[in-house]
Structures are given as structure tokens and as C-alpha cells.
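The structure appears below as C-alpha cells.
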Amino acid sequence: MPADRDRIDLVDGLTRVLVRACRKLAEAGQPREAGRLAAEGWKLLRAGHSRQAMHLDGAMHHIARLEQRLEAEQKEKTVADTELDVRSEIPRRRHELIFESFDRLPVGDAYVLVNDHDPKPLRYQLEAENTGQFSWEYLEQGPEVWRVRIGRTAAAPGASA
């Protein structure tokens with residue numbers, strides 16, 4: 001019987017490690033991947049190790065609540081972003097305003113650009129001048145209004161943090 005006890009101890013220990021790893025992964029911003037891994041472990045354990053499978057079930061519930069909270073926070077942050085509507089500006093002034101707004105953004109902040117056409121050429125310009133320093137997320141894509149969330153993900157080289 002000692003071999004059976006050793007096997008149970010091993011499964012218990014591995015389950016604890018998997019639960020902690022899945023929780024850490026979810027807290028690091030990857031809740032879907034964490035939930036998927038926890039579900040795989042649960043599937044492997046549910047028939048022969050129901051007690052350990054219950055621990056993974058509990059982890060999946062924790063991860064699901066965390067995912068809901070993260071989604072709500074992201075939605076709240078998106079709603080709270082400043083909006084820069086350039087539709088009423090003359091074309092030659094638009095890019096100037098957009099770049100000035102981006103240059104003032106602290107790392108981690110964003111604004112929502114509102115335009116009357118797809119601003120994709122602007123994205124190419126931002127990439128050329130700010131490689132690796134911005135995010136670009138379409139929130140609305142025409143046909144009459146385009147909304148793009150532009151965020152600063154890193155400081156410009158040589159800029160003070």
C-alpha cells in the first residue's frame with residue numbers, strides 16, 4: 001500500500017502546483033489560457049481523482065470571476081479614455097493634433113481618435129516614429145465614423161519616465 005499512498009501524494013502535490021500556476025497565469029492577464037489549462041487537468045483527474053478534480057474546479061471558478069473583473073476594468077478604462085474628435089478640423093491640422101496628443105500621453109494611458117475615414121496611414125506614421133511605443137485598437141470601423149483607441153505602451157527613447 002505505500003506505493004498507492006505515494007501515488008496519491010504525488011497527484012495531490014501536482015494538483016496544488018497546477019492550481020497555483022493557473023491562478024498566477026490568470027492574475028498575469030491570461031485568464032482564458034489559465035482556465036483552459038485548469039479544465040484540461042480537471043478532465044484528466046475527474047474519473048480517478050475526484051477530490052483533486054474539485055480543487056481544479058474551484059480554481060476555474062476563481063479564474064472565471066477574475067476574468068469577469070478584468071473585462072469590466074478594461075471596459076471601464078476604454079470608456080474613460082479621452083476622445084479626440086478630429087472630424088471638424090482641416091485635414092492638414094488633424095495629424096498635428098493627433099501626434100501632439102500622443103506625445104503628451106503617459107505610458108499606460110490612451111485616447112480614442114474619432115475620424116471620418118480609416119486612419120490607417122496614421123498608423124504607419126506612428127509606427128515609423130514610435131516603433132514599439134503604442135497600441136492601436138479599432139473600436140468602430142465606418143462607414144461614416146472610425147474610432148481607434150491609441151495607447152502609449154512605452155516611453156520614447158531618452159524620455160524621462
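Each chain in the C-alpha cells gets a letter, A, B and so on, in the order shown; residues start at 1 in every chain, and ligands are counted from 1 in the order they appear.
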Write out as a short mmCIF file (atom, residue, chain, number, x, y, z; two decimals) with C-alpha atoms, in the first residue's frame all residues of chain A that DSSP puts in strand (DSSP E) for this structure's backbone.
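Contents of selection.cif, freshly written:
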```
data_model
loop_
_atom_site.label_atom_id
_atom_site.label_comp_id
_atom_site.auth_asym_id
_atom_site.auth_seq_id
_atom_site.Cartn_x
_atom_site.Cartn_y
_atom_site.Cartn_z
CA THR A 82 -10.25 60.93 -23.59
CA GLU A 83 -11.79 61.33 -27.00
CA LEU A 84 -10.03 63.29 -29.75
CA ASP A 85 -12.56 64.04 -32.49
CA ALA A 110 -4.75 56.11 -24.21
CA TYR A 111 -7.16 58.27 -26.12
CA VAL A 112 -9.87 57.45 -28.63
CA LEU A 113 -9.36 59.03 -32.03
CA VAL A 114 -12.61 59.81 -33.86
CA ASN A 115 -12.27 60.31 -37.60
CA PHE A 134 1.94 52.43 -28.99
CA SER A 135 -1.12 50.24 -29.26
CA TRP A 136 -3.84 50.55 -31.89
CA GLU A 137 -7.31 49.09 -31.41
CA TYR A 138 -10.24 49.71 -33.72
CA LEU A 139 -13.41 50.31 -31.70
CA GLU A 140 -15.58 51.27 -34.69
CA GLN A 141 -14.78 50.90 -38.40
CA TRP A 146 -13.95 55.42 -37.23
CA ARG A 147 -12.95 55.18 -33.58
CA VAL A 148 -9.47 53.96 -32.72
CA ARG A 149 -8.04 53.58 -29.23
CA ILE A 150 -4.42 54.72 -29.38
CA GLY A 151 -2.35 53.97 -26.31
CA ARG A 152 1.20 54.60 -25.20
#
```
**Study point:** Backbone DSSP call of alpha helix (DSSP H) for chain A, listed as a VMD selection string
**Key:** chain A and resid 2 to 27 31 to 45 50 to 80 91 to 104 120 to 129
Practice item. Skip A:Gln125 itself and residues of its chain fewer than 2 positions away, then list as a ChimeraX atom specification all residues within 12 Å of it, counting only C-alpha atoms. Key: /A:95-96,98-99,119-123,127-131,134
Point to revise | Residues within 12 Å of A:Ala64, only C-alpha atoms, excluding chain neighbours under 2 positions, as a list of chain:residue names | key: A:Cys22, A:Arg23, A:Ala26, A:Glu27, A:Gln30, A:Pro31, A:Arg32, A:Glu33, A:Ala34, A:Gly35, A:Arg36, A:Ala38, A:Ala39, A:Asp57, A:Gly58, A:Ala59, A:Met60, A:His61, A:His62, A:Leu66, A:Glu67, A:Gln68, A:Arg69, A:Leu70, A:Glu71
Practice item. Find, counting only C-alpha atoms, the residue in A:Val107, A:Ile8, A:Ala154, A:Leu126 that gets nearest to A:Ser50. Key: A:Ile8
Exercise for review: For A:His49, list every protein, DNA or RNA residue within 10 Å, evaluated using only C-alpha atoms, and leave out those in the same chain fewer than 4 positions away; present the list as an MDAnalysis selection string.
Suggested key: chainID A and resid 8 11:12 42 44:45 53:54
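In this comparison, which uses only C-alpha atoms, the residue of A:Val86, A:Tyr124, A:Gly158, A:Gln74 approaching A:Val145 most closely is A:Val86.
Proximity of A:Ser88, A:Asp116, A:Gly142, A:Val17 to A:Leu56, computed with only C-alpha atoms, is greatest for A:Val17.
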Review point. Counting only C-alpha atoms, what is within 10 Å of A:Ala155, bar same-chain residues fewer than 6 positions away, as a PyMOL selection string?
Key: chain A and resi 103+105-108+130+132-134+161
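Across the model, the gap from atom CA of A:Arg65 to atom CA of A:Arg20 is 15.8 Å.
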